[in-house]
>>> print(open('data32.cif').read())   # mmCIF, N, CA and C atoms
data_final
loop_
_atom_site.label_atom_id
_atom_site.label_comp_id
_atom_site.auth_asym_id
_atom_site.auth_seq_id
_atom_site.Cartn_x
_atom_site.Cartn_y
_atom_site.Cartn_z
N MET F 1 70.56 153.58 177.17
CA MET F 1 69.13 153.65 176.96
C MET F 1 68.46 152.64 177.89
N LEU F 2 67.53 153.14 178.68
CA LEU F 2 66.79 152.29 179.61
C LEU F 2 65.61 151.68 178.87
N VAL F 3 65.53 150.35 178.86
CA VAL F 3 64.49 149.64 178.11
C VAL F 3 63.40 149.17 179.07
N ASP F 4 62.15 149.49 178.75
CA ASP F 4 61.00 149.13 179.57
C ASP F 4 60.62 147.67 179.34
N THR F 5 59.82 147.14 180.24
CA THR F 5 59.41 145.73 180.22
C THR F 5 58.77 145.33 178.90
N ASN F 6 57.88 146.17 178.37
CA ASN F 6 57.16 145.79 177.16
C ASN F 6 58.08 145.63 175.95
N LEU F 7 59.16 146.40 175.88
CA LEU F 7 60.09 146.24 174.75
C LEU F 7 60.92 144.97 174.88
N TRP F 8 61.28 144.60 176.11
CA TRP F 8 61.98 143.31 176.29
C TRP F 8 61.08 142.18 175.82
N LEU F 9 59.77 142.26 176.15
CA LEU F 9 58.83 141.22 175.72
C LEU F 9 58.67 141.20 174.21
N LEU F 10 58.55 142.37 173.59
CA LEU F 10 58.43 142.44 172.13
C LEU F 10 59.70 141.91 171.45
N GLY F 11 60.86 142.19 172.05
CA GLY F 11 62.12 141.68 171.52
C GLY F 11 62.18 140.16 171.60
N ALA F 12 61.70 139.59 172.69
CA ALA F 12 61.70 138.14 172.85
C ALA F 12 60.73 137.48 171.88
N GLN F 13 59.67 138.17 171.52
CA GLN F 13 58.71 137.64 170.56
C GLN F 13 59.18 137.81 169.12
N GLY F 14 60.28 138.52 168.92
CA GLY F 14 60.79 138.76 167.58
C GLY F 14 60.07 139.88 166.85
N ARG F 15 59.29 140.68 167.55
CA ARG F 15 58.54 141.76 166.91
C ARG F 15 59.29 143.07 166.91
N VAL F 16 60.38 143.16 167.68
CA VAL F 16 61.18 144.36 167.75
C VAL F 16 62.65 143.97 167.66
N ARG F 17 63.40 144.72 166.90
CA ARG F 17 64.85 144.54 166.86
C ARG F 17 65.44 145.60 167.78
N LEU F 18 65.88 145.17 168.96
CA LEU F 18 66.41 146.12 169.94
C LEU F 18 67.61 146.88 169.39
N GLU F 19 68.38 146.24 168.52
CA GLU F 19 69.56 146.91 167.94
C GLU F 19 69.15 148.13 167.14
N GLU F 20 68.04 148.04 166.40
CA GLU F 20 67.57 149.18 165.61
C GLU F 20 67.11 150.32 166.53
N ILE F 21 66.48 149.96 167.62
CA ILE F 21 65.98 150.98 168.55
C ILE F 21 67.16 151.66 169.24
N ILE F 22 68.16 150.89 169.64
CA ILE F 22 69.34 151.47 170.29
C ILE F 22 70.09 152.38 169.33
N ALA F 23 70.09 152.03 168.04
CA ALA F 23 70.79 152.85 167.04
C ALA F 23 70.19 154.24 166.90
N LEU F 24 68.96 154.45 167.37
CA LEU F 24 68.35 155.78 167.30
C LEU F 24 69.04 156.79 168.21
N VAL F 25 69.73 156.29 169.23
CA VAL F 25 70.44 157.17 170.16
C VAL F 25 71.92 156.83 170.07
N PRO F 26 72.73 157.65 169.40
CA PRO F 26 74.15 157.36 169.22
C PRO F 26 74.86 157.15 170.56
N GLY F 27 75.65 156.10 170.65
CA GLY F 27 76.43 155.82 171.85
C GLY F 27 75.65 155.19 172.98
N ALA F 28 74.39 154.83 172.74
CA ALA F 28 73.56 154.26 173.80
C ALA F 28 73.93 152.81 174.09
N THR F 29 73.76 152.41 175.33
CA THR F 29 73.92 151.01 175.73
C THR F 29 72.62 150.56 176.40
N LEU F 30 72.42 149.26 176.47
CA LEU F 30 71.22 148.72 177.08
C LEU F 30 71.30 148.82 178.59
N LEU F 31 70.25 149.33 179.20
CA LEU F 31 70.14 149.44 180.65
C LEU F 31 68.80 148.83 181.08
N ALA F 32 68.82 148.09 182.18
CA ALA F 32 67.58 147.52 182.71
C ALA F 32 67.50 147.82 184.21
N PRO F 33 66.49 148.55 184.63
CA PRO F 33 66.33 148.78 186.06
C PRO F 33 65.86 147.50 186.76
N ARG F 34 66.16 147.38 188.01
CA ARG F 34 65.77 146.18 188.77
C ARG F 34 64.26 145.95 188.72
N GLU F 35 63.48 147.02 188.66
CA GLU F 35 62.02 146.89 188.61
C GLU F 35 61.58 146.15 187.34
N VAL F 36 62.24 146.40 186.21
CA VAL F 36 61.90 145.70 184.97
C VAL F 36 62.18 144.21 185.12
N LEU F 37 63.32 143.87 185.70
CA LEU F 37 63.64 142.45 185.91
C LEU F 37 62.63 141.80 186.85
N ARG F 38 62.20 142.53 187.88
CA ARG F 38 61.19 142.01 188.80
C ARG F 38 59.89 141.74 188.05
N GLU F 39 59.47 142.69 187.21
CA GLU F 39 58.24 142.52 186.43
C GLU F 39 58.35 141.31 185.50
N LEU F 40 59.50 141.14 184.86
CA LEU F 40 59.69 140.00 183.96
C LEU F 40 59.66 138.67 184.72
N ARG F 41 60.24 138.64 185.93
CA ARG F 41 60.19 137.41 186.73
C ARG F 41 58.76 137.07 187.13
N VAL F 42 57.97 138.08 187.49
CA VAL F 42 56.56 137.86 187.84
C VAL F 42 55.80 137.31 186.63
N LEU F 43 56.02 137.90 185.46
CA LEU F 43 55.35 137.43 184.25
C LEU F 43 55.77 136.00 183.91
N ASP F 44 57.05 135.69 184.12
CA ASP F 44 57.55 134.33 183.87
C ASP F 44 56.89 133.34 184.83
N ALA F 45 56.76 133.73 186.09
CA ALA F 45 56.12 132.86 187.09
C ALA F 45 54.64 132.64 186.76
N GLN F 46 54.02 133.60 186.10
CA GLN F 46 52.62 133.48 185.70
C GLN F 46 52.46 132.66 184.43
N GLY F 47 53.59 132.28 183.82
CA GLY F 47 53.54 131.44 182.63
C GLY F 47 53.46 132.19 181.32
N ARG F 48 53.73 133.45 181.32
CA ARG F 48 53.71 134.21 180.05
C ARG F 48 54.85 133.72 179.18
N PRO F 49 54.58 133.23 177.96
CA PRO F 49 55.61 132.57 177.15
C PRO F 49 56.83 133.44 176.82
N ALA F 50 56.63 134.69 176.51
CA ALA F 50 57.75 135.54 176.09
C ALA F 50 58.61 136.01 177.26
N ALA F 51 58.14 135.85 178.49
CA ALA F 51 58.85 136.39 179.65
C ALA F 51 60.22 135.74 179.85
N ALA F 52 60.31 134.43 179.65
CA ALA F 52 61.59 133.74 179.83
C ALA F 52 62.61 134.25 178.81
N GLY F 53 62.18 134.42 177.58
CA GLY F 53 63.07 134.96 176.55
C GLY F 53 63.46 136.39 176.83
N ALA F 54 62.51 137.17 177.34
CA ALA F 54 62.79 138.56 177.69
C ALA F 54 63.81 138.64 178.82
N LEU F 55 63.72 137.73 179.79
CA LEU F 55 64.72 137.69 180.87
C LEU F 55 66.10 137.40 180.33
N CYS F 56 66.18 136.50 179.36
CA CYS F 56 67.48 136.19 178.74
C CYS F 56 68.05 137.41 178.01
N LEU F 57 67.18 138.13 177.28
CA LEU F 57 67.63 139.34 176.60
C LEU F 57 68.07 140.40 177.60
N ALA F 58 67.29 140.58 178.66
CA ALA F 58 67.60 141.61 179.66
C ALA F 58 68.88 141.29 180.43
N ALA F 59 69.28 140.03 180.44
CA ALA F 59 70.49 139.65 181.17
C ALA F 59 71.74 140.28 180.57
N ARG F 60 71.68 140.67 179.31
CA ARG F 60 72.86 141.30 178.68
C ARG F 60 72.93 142.81 178.91
N ALA F 61 71.93 143.34 179.60
CA ALA F 61 71.90 144.78 179.89
C ALA F 61 72.57 145.09 181.22
N GLU F 62 73.03 146.32 181.33
CA GLU F 62 73.59 146.80 182.60
C GLU F 62 72.44 147.04 183.57
N LEU F 63 72.59 146.57 184.80
CA LEU F 63 71.54 146.68 185.80
C LEU F 63 71.60 148.02 186.52
N LEU F 64 70.43 148.65 186.68
CA LEU F 64 70.33 149.93 187.39
C LEU F 64 69.45 149.77 188.62
N PRO F 65 69.78 150.43 189.72
CA PRO F 65 68.87 150.41 190.87
C PRO F 65 67.61 151.20 190.53
N SER F 66 66.48 150.73 191.05
CA SER F 66 65.22 151.45 190.83
C SER F 66 64.38 151.37 192.09
N PRO F 67 64.35 152.46 192.84
CA PRO F 67 63.56 152.46 194.07
C PRO F 67 62.07 152.47 193.74
N GLY F 68 61.30 151.76 194.48
CA GLY F 68 59.85 151.76 194.27
C GLY F 68 59.39 150.66 193.35
N ARG F 69 58.15 150.77 192.89
CA ARG F 69 57.52 149.75 192.05
C ARG F 69 56.89 150.37 190.82
N GLY F 70 56.74 149.57 189.78
CA GLY F 70 56.00 149.95 188.58
C GLY F 70 56.66 151.02 187.74
N ASP F 71 55.82 151.70 186.97
CA ASP F 71 56.30 152.72 186.03
C ASP F 71 56.99 153.88 186.73
N ALA F 72 56.55 154.20 187.93
CA ALA F 72 57.18 155.31 188.67
C ALA F 72 58.65 154.99 188.95
N ALA F 73 58.95 153.74 189.28
CA ALA F 73 60.34 153.35 189.55
C ALA F 73 61.17 153.38 188.26
N ILE F 74 60.58 152.96 187.16
CA ILE F 74 61.29 152.97 185.87
C ILE F 74 61.58 154.40 185.45
N LEU F 75 60.59 155.27 185.60
CA LEU F 75 60.76 156.67 185.25
C LEU F 75 61.80 157.35 186.15
N ALA F 76 61.77 157.04 187.44
CA ALA F 76 62.76 157.61 188.36
C ALA F 76 64.17 157.13 188.03
N ALA F 77 64.32 155.89 187.64
CA ALA F 77 65.64 155.36 187.27
C ALA F 77 66.17 156.05 186.02
N ALA F 78 65.31 156.28 185.02
CA ALA F 78 65.72 156.96 183.79
C ALA F 78 66.11 158.41 184.08
N ARG F 79 65.32 159.06 184.91
CA ARG F 79 65.60 160.45 185.26
C ARG F 79 66.91 160.55 186.04
N ARG F 80 67.11 159.67 187.02
CA ARG F 80 68.31 159.69 187.86
C ARG F 80 69.57 159.40 187.03
N ALA F 81 69.47 158.46 186.09
CA ALA F 81 70.63 158.09 185.27
C ALA F 81 70.85 159.09 184.13
N GLY F 82 69.84 159.91 183.82
CA GLY F 82 69.96 160.89 182.74
C GLY F 82 70.02 160.24 181.37
N VAL F 83 69.23 159.18 181.17
CA VAL F 83 69.27 158.44 179.90
C VAL F 83 67.91 158.49 179.21
N THR F 84 67.90 158.05 177.96
CA THR F 84 66.67 157.96 177.17
C THR F 84 65.90 156.71 177.60
N LEU F 85 64.59 156.82 177.63
CA LEU F 85 63.72 155.69 177.97
C LEU F 85 63.15 155.12 176.68
N ALA F 86 63.25 153.82 176.49
CA ALA F 86 62.65 153.14 175.34
C ALA F 86 61.43 152.36 175.82
N THR F 87 60.26 152.68 175.27
CA THR F 87 59.03 152.03 175.71
C THR F 87 57.99 152.02 174.60
N ALA F 88 57.07 151.07 174.67
CA ALA F 88 55.91 151.03 173.78
C ALA F 88 54.65 151.40 174.55
N ASP F 89 54.81 151.81 175.80
CA ASP F 89 53.71 152.20 176.68
C ASP F 89 53.47 153.70 176.50
N ARG F 90 52.35 154.05 175.88
CA ARG F 90 52.08 155.47 175.56
C ARG F 90 51.91 156.32 176.83
N ASP F 91 51.30 155.77 177.87
CA ASP F 91 51.12 156.52 179.11
C ASP F 91 52.47 156.81 179.76
N LEU F 92 53.34 155.81 179.82
CA LEU F 92 54.67 156.01 180.39
C LEU F 92 55.46 157.01 179.54
N GLU F 93 55.31 156.91 178.24
CA GLU F 93 55.99 157.86 177.34
C GLU F 93 55.54 159.30 177.61
N ARG F 94 54.25 159.49 177.74
CA ARG F 94 53.71 160.83 178.01
C ARG F 94 54.25 161.37 179.34
N ARG F 95 54.25 160.53 180.37
CA ARG F 95 54.76 160.96 181.67
C ARG F 95 56.26 161.25 181.62
N ALA F 96 57.00 160.45 180.87
CA ALA F 96 58.45 160.68 180.76
C ALA F 96 58.74 162.00 180.07
N LEU F 97 58.05 162.27 178.97
CA LEU F 97 58.28 163.53 178.26
C LEU F 97 57.92 164.73 179.13
N ALA F 98 56.83 164.59 179.89
CA ALA F 98 56.42 165.68 180.78
C ALA F 98 57.43 165.93 181.89
N SER F 99 58.16 164.89 182.29
CA SER F 99 59.14 165.06 183.36
C SER F 99 60.56 165.32 182.84
N GLY F 100 60.70 165.52 181.51
CA GLY F 100 61.99 165.89 180.95
C GLY F 100 62.89 164.74 180.54
N VAL F 101 62.35 163.53 180.41
CA VAL F 101 63.14 162.37 179.99
C VAL F 101 62.88 162.13 178.50
N PRO F 102 63.94 162.13 177.66
CA PRO F 102 63.73 161.82 176.24
C PRO F 102 63.27 160.37 176.07
N VAL F 103 62.46 160.12 175.03
CA VAL F 103 61.83 158.82 174.86
C VAL F 103 62.00 158.31 173.44
N VAL F 104 62.28 157.02 173.31
CA VAL F 104 62.13 156.32 172.03
C VAL F 104 60.84 155.54 172.20
N GLY F 105 59.82 155.92 171.42
CA GLY F 105 58.50 155.32 171.59
C GLY F 105 57.89 154.91 170.28
N LEU F 106 56.80 154.18 170.39
CA LEU F 106 56.07 153.67 169.23
C LEU F 106 55.33 154.80 168.54
N ARG F 107 55.44 154.84 167.23
CA ARG F 107 54.75 155.83 166.41
C ARG F 107 53.80 155.13 165.46
N GLU F 108 53.38 155.80 164.44
CA GLU F 108 52.44 155.26 163.47
C GLU F 108 53.03 154.06 162.72
N ARG F 109 52.16 153.16 162.33
CA ARG F 109 52.51 152.00 161.51
C ARG F 109 53.64 151.16 162.08
N GLY F 110 53.67 150.99 163.38
CA GLY F 110 54.65 150.10 163.98
C GLY F 110 56.08 150.58 163.92
N ARG F 111 56.28 151.87 163.85
CA ARG F 111 57.64 152.42 163.82
C ARG F 111 57.96 153.08 165.16
N PHE F 112 59.23 152.96 165.55
CA PHE F 112 59.70 153.62 166.75
C PHE F 112 60.44 154.88 166.35
N ALA F 113 60.36 155.90 167.19
CA ALA F 113 61.03 157.16 166.88
C ALA F 113 61.53 157.80 168.16
N LEU F 114 62.61 158.56 168.02
CA LEU F 114 63.17 159.32 169.14
C LEU F 114 62.37 160.59 169.30
N ARG F 115 61.88 160.81 170.51
CA ARG F 115 61.15 162.05 170.83
C ARG F 115 61.92 162.79 171.90
N PRO F 116 62.61 163.84 171.54
CA PRO F 116 63.28 164.63 172.57
C PRO F 116 62.24 165.31 173.45
N THR F 117 62.66 165.78 174.60
CA THR F 117 61.71 166.39 175.53
C THR F 117 61.10 167.66 174.96
N ALA F 118 61.89 168.42 174.21
CA ALA F 118 61.32 169.61 173.56
C ALA F 118 60.42 169.13 172.42
N ARG F 119 59.43 169.88 172.08
CA ARG F 119 58.50 169.47 171.03
C ARG F 119 59.11 169.64 169.64
N GLY F 120 60.29 169.06 169.44
CA GLY F 120 60.96 169.11 168.14
C GLY F 120 60.43 168.03 167.23
N LYS F 121 60.90 168.02 165.99
CA LYS F 121 60.41 166.98 165.09
C LYS F 121 61.16 165.67 165.38
N ILE F 122 60.57 164.58 164.99
CA ILE F 122 61.16 163.27 165.20
C ILE F 122 62.37 163.14 164.28
N MET F 123 63.51 162.75 164.87
CA MET F 123 64.75 162.75 164.11
C MET F 123 65.02 161.43 163.40
N LYS F 124 64.79 160.31 164.04
CA LYS F 124 65.11 159.02 163.45
C LYS F 124 63.98 158.05 163.73
N ARG F 125 63.91 157.00 162.89
CA ARG F 125 62.84 156.01 163.04
C ARG F 125 63.42 154.60 162.94
N ALA F 126 62.77 153.66 163.60
CA ALA F 126 63.09 152.23 163.48
C ALA F 126 61.77 151.49 163.31
N ARG F 127 61.81 150.36 162.64
CA ARG F 127 60.59 149.64 162.27
C ARG F 127 60.28 148.53 163.26
N LEU F 128 58.99 148.36 163.57
CA LEU F 128 58.52 147.22 164.36
C LEU F 128 58.42 146.04 163.41
N VAL F 129 59.00 144.92 163.76
CA VAL F 129 59.02 143.75 162.90
C VAL F 129 57.78 142.93 163.17
N ARG F 130 57.01 142.68 162.16
CA ARG F 130 55.83 141.84 162.31
C ARG F 130 56.19 140.44 161.80
N PRO F 131 55.88 139.41 162.56
CA PRO F 131 56.25 138.04 162.16
C PRO F 131 55.70 137.65 160.80
N ASP F 132 54.53 138.16 160.43
CA ASP F 132 53.92 137.77 159.16
C ASP F 132 54.28 138.73 158.02
N ALA F 133 55.06 139.75 158.29
CA ALA F 133 55.41 140.72 157.25
C ALA F 133 56.40 140.11 156.28
N ARG F 134 56.19 140.35 155.00
CA ARG F 134 57.11 139.84 153.99
C ARG F 134 58.11 140.91 153.63
N ARG F 135 59.30 140.48 153.31
CA ARG F 135 60.33 141.43 152.89
C ARG F 135 59.99 141.92 151.49
N PRO F 136 60.39 143.14 151.13
CA PRO F 136 60.05 143.70 149.81
C PRO F 136 60.53 142.82 148.66
N ASP F 137 61.73 142.22 148.79
CA ASP F 137 62.24 141.40 147.69
C ASP F 137 61.39 140.14 147.52
N ALA F 138 60.82 139.61 148.60
CA ALA F 138 59.93 138.45 148.51
C ALA F 138 58.65 138.83 147.77
N ARG F 139 58.16 140.03 148.02
CA ARG F 139 56.95 140.49 147.31
C ARG F 139 57.21 140.67 145.83
N ARG F 140 58.39 141.18 145.50
CA ARG F 140 58.75 141.33 144.08
C ARG F 140 58.81 139.98 143.39
N ARG F 141 59.44 138.99 144.03
CA ARG F 141 59.54 137.66 143.43
C ARG F 141 58.15 137.04 143.26
N GLN F 142 57.29 137.26 144.24
CA GLN F 142 55.94 136.72 144.14
C GLN F 142 55.19 137.38 142.98
N ALA F 143 55.34 138.67 142.80
CA ALA F 143 54.68 139.37 141.68
C ALA F 143 55.24 138.88 140.35
N ALA F 144 56.56 138.63 140.28
CA ALA F 144 57.16 138.14 139.04
C ALA F 144 56.61 136.75 138.70
N ARG F 145 56.43 135.90 139.70
CA ARG F 145 55.86 134.57 139.46
C ARG F 145 54.44 134.68 138.94
N ARG F 146 53.67 135.60 139.47
CA ARG F 146 52.30 135.80 139.00
C ARG F 146 52.30 136.25 137.55
N ASP F 147 53.24 137.14 137.19
CA ASP F 147 53.29 137.66 135.82
C ASP F 147 53.68 136.58 134.82
N ARG F 148 54.49 135.61 135.26
CA ARG F 148 54.92 134.53 134.35
C ARG F 148 53.78 133.58 134.03
N ARG F 149 52.78 133.51 134.87
CA ARG F 149 51.66 132.56 134.67
C ARG F 149 50.77 132.99 133.60
#
>>> encode(input="data32.cif", output="structure tokens")
Amino acid sequence: MLVDTNLWLLGAQGRVRLEEIIALVPGATLLAPREVLRELRVLDAQGRPAAAGALCLAARAELLPSPGRGDAAILAAARRAGVTLATADRDLERRALASGVPVVGLRERGRFALRPTARGKIMKRARLVRPDARRPDARRRQAARRDRR
């Protein structure tokens, strides 16, 4: 699975669990095109806080050649490798689906879902982790404490 720049950044911020997103495509491995690493280095040089962490995360991915610059290079790399593209960029997702590349993209309420190129139904979902979100068991304990008062 080829991971776009924005997902590496979200993963570094702790807002996305890349393992959950990869699990949506059985047998997938992390892939990073050279263009994504270039974009992350530029963001790091500009002082974007999450970029350094994203570079560390992307270092564990297999590197793919990507001719050109920007989203076109990322899309071409995904198409050439014949892999699924993981992105939170709706425009890139739309272009990928139109060109026949399956996408794991952001859906409603911060959930990611696999969208095959055919207009089939969404098969699997993964959740976007919000730093301020409480786990369900924590909410239950909080409600129990309120009831005891």
>>> atom_distance(input="data32.cif", atom1="atom C of Gln46 (chain F)", atom2="CA of Trp8 (chain F)")
16.4 Å
>>> select_by_dssp(input="data32.cif", residues="region 51-128 of chain F", states="strand (DSSP E)", output="PyMOL selection string")
chain F and resi 62-64+85-87+103-106+111-115+125-127
>>> resolve_selection(input="data32.cif", expression="the PyMOL selection byres ((chain F and resi 2) around 6)", output="list in words")
Met1, Val3, Asp4, Leu30, Leu31, Ala32, Val83, Thr84, Leu85 and Ala86 of chain F
>>> atom_distance(input="data32.cif", atom1="CA of Arg17 (chain F)", atom2="CA of Leu97 (chain F)")
23.1 Å
>>> select_by_dssp(input="data32.cif", residues="chain F", states="helix (DSSP H, G or I)", output="JSON, numbers by chain")
{"F": [5, 6, 7, 8, 9, 10, 11, 12, 18, 19, 20, 21, 22, 34, 35, 36, 37, 38, 39, 40, 41, 42, 43, 44, 45, 49, 50, 51, 52, 53, 54, 55, 56, 57, 58, 70, 71, 72, 73, 74, 75, 76, 77, 78, 79, 80, 81, 90, 91, 92, 93, 94, 95, 96, 97, 98, 108, 109, 110, 136, 137, 138, 139, 140, 141, 142, 143, 144, 145, 146, 147, 148]}
>>> closest_residue(input="data32.cif", among="F:Gly70, F:Leu92, F:Ala98, F:Leu64", to="Glu39 (chain F)", atoms="only N, CA and C atoms")
F:Gly70
>>> resolve_selection(input="data32.cif", expression="the PyMOL selection byres ((chain F and resi 13) around 8)", output="PyMOL selection string")
chain F and resi 7-12+14-16+49-51+53-54+129+131
>>> atom_distance(input="data32.cif", atom1="atom N of Val104 (chain F)", atom2="atom C of Thr5 (chain F)")
13.4 Å
>>> residues_around(input="data32.cif", residues="region 71-76 of chain F", least_positions_apart="2", cutoff="7 Å", atoms="only C-alpha atoms", output="PyMOL selection string")
chain F and resi 33+35+66-69+78-80+92+96
>>> closest_residue(input="data32.cif", among="F:Asn6, F:Ile21, F:Arg115, F:Glu108", to="Ala88 (chain F)", atoms="only N, CA and C atoms")
F:Asn6
>>> resolve_selection(input="data32.cif", expression="the PyMOL selection byres (((chain F and resi 22-28 and name CA) around 7) and name CA)", output="list in words")
Met1, Leu18, Glu19, Glu20, Ile21, Thr29, Leu30, Leu114, Lys124 and Arg125 of chain F
>>> write_last_selection(input="data32.cif", atoms="N, CA and C atoms", output="short mmCIF file (atom, residue, chain, number, x, y, z; two decimals), in the coordinates of the input")
data_model
loop_
_atom_site.label_atom_id
_atom_site.label_comp_id
_atom_site.auth_asym_id
_atom_site.auth_seq_id
_atom_site.Cartn_x
_atom_site.Cartn_y
_atom_site.Cartn_z
N MET F 1 70.56 153.58 177.17
CA MET F 1 69.13 153.65 176.96
C MET F 1 68.46 152.64 177.89
N LEU F 18 65.88 145.17 168.96
CA LEU F 18 66.41 146.12 169.94
C LEU F 18 67.61 146.88 169.39
N GLU F 19 68.38 146.24 168.52
CA GLU F 19 69.56 146.91 167.94
C GLU F 19 69.15 148.13 167.14
N GLU F 20 68.04 148.04 166.40
CA GLU F 20 67.57 149.18 165.61
C GLU F 20 67.11 150.32 166.53
N ILE F 21 66.48 149.96 167.62
CA ILE F 21 65.98 150.98 168.55
C ILE F 21 67.16 151.66 169.24
N THR F 29 73.76 152.41 175.33
CA THR F 29 73.92 151.01 175.73
C THR F 29 72.62 150.56 176.40
N LEU F 30 72.42 149.26 176.47
CA LEU F 30 71.22 148.72 177.08
C LEU F 30 71.30 148.82 178.59
N LEU F 114 62.61 158.56 168.02
CA LEU F 114 63.17 159.32 169.14
C LEU F 114 62.37 160.59 169.30
N LYS F 124 64.79 160.31 164.04
CA LYS F 124 65.11 159.02 163.45
C LYS F 124 63.98 158.05 163.73
N ARG F 125 63.91 157.00 162.89
CA ARG F 125 62.84 156.01 163.04
C ARG F 125 63.42 154.60 162.94
#
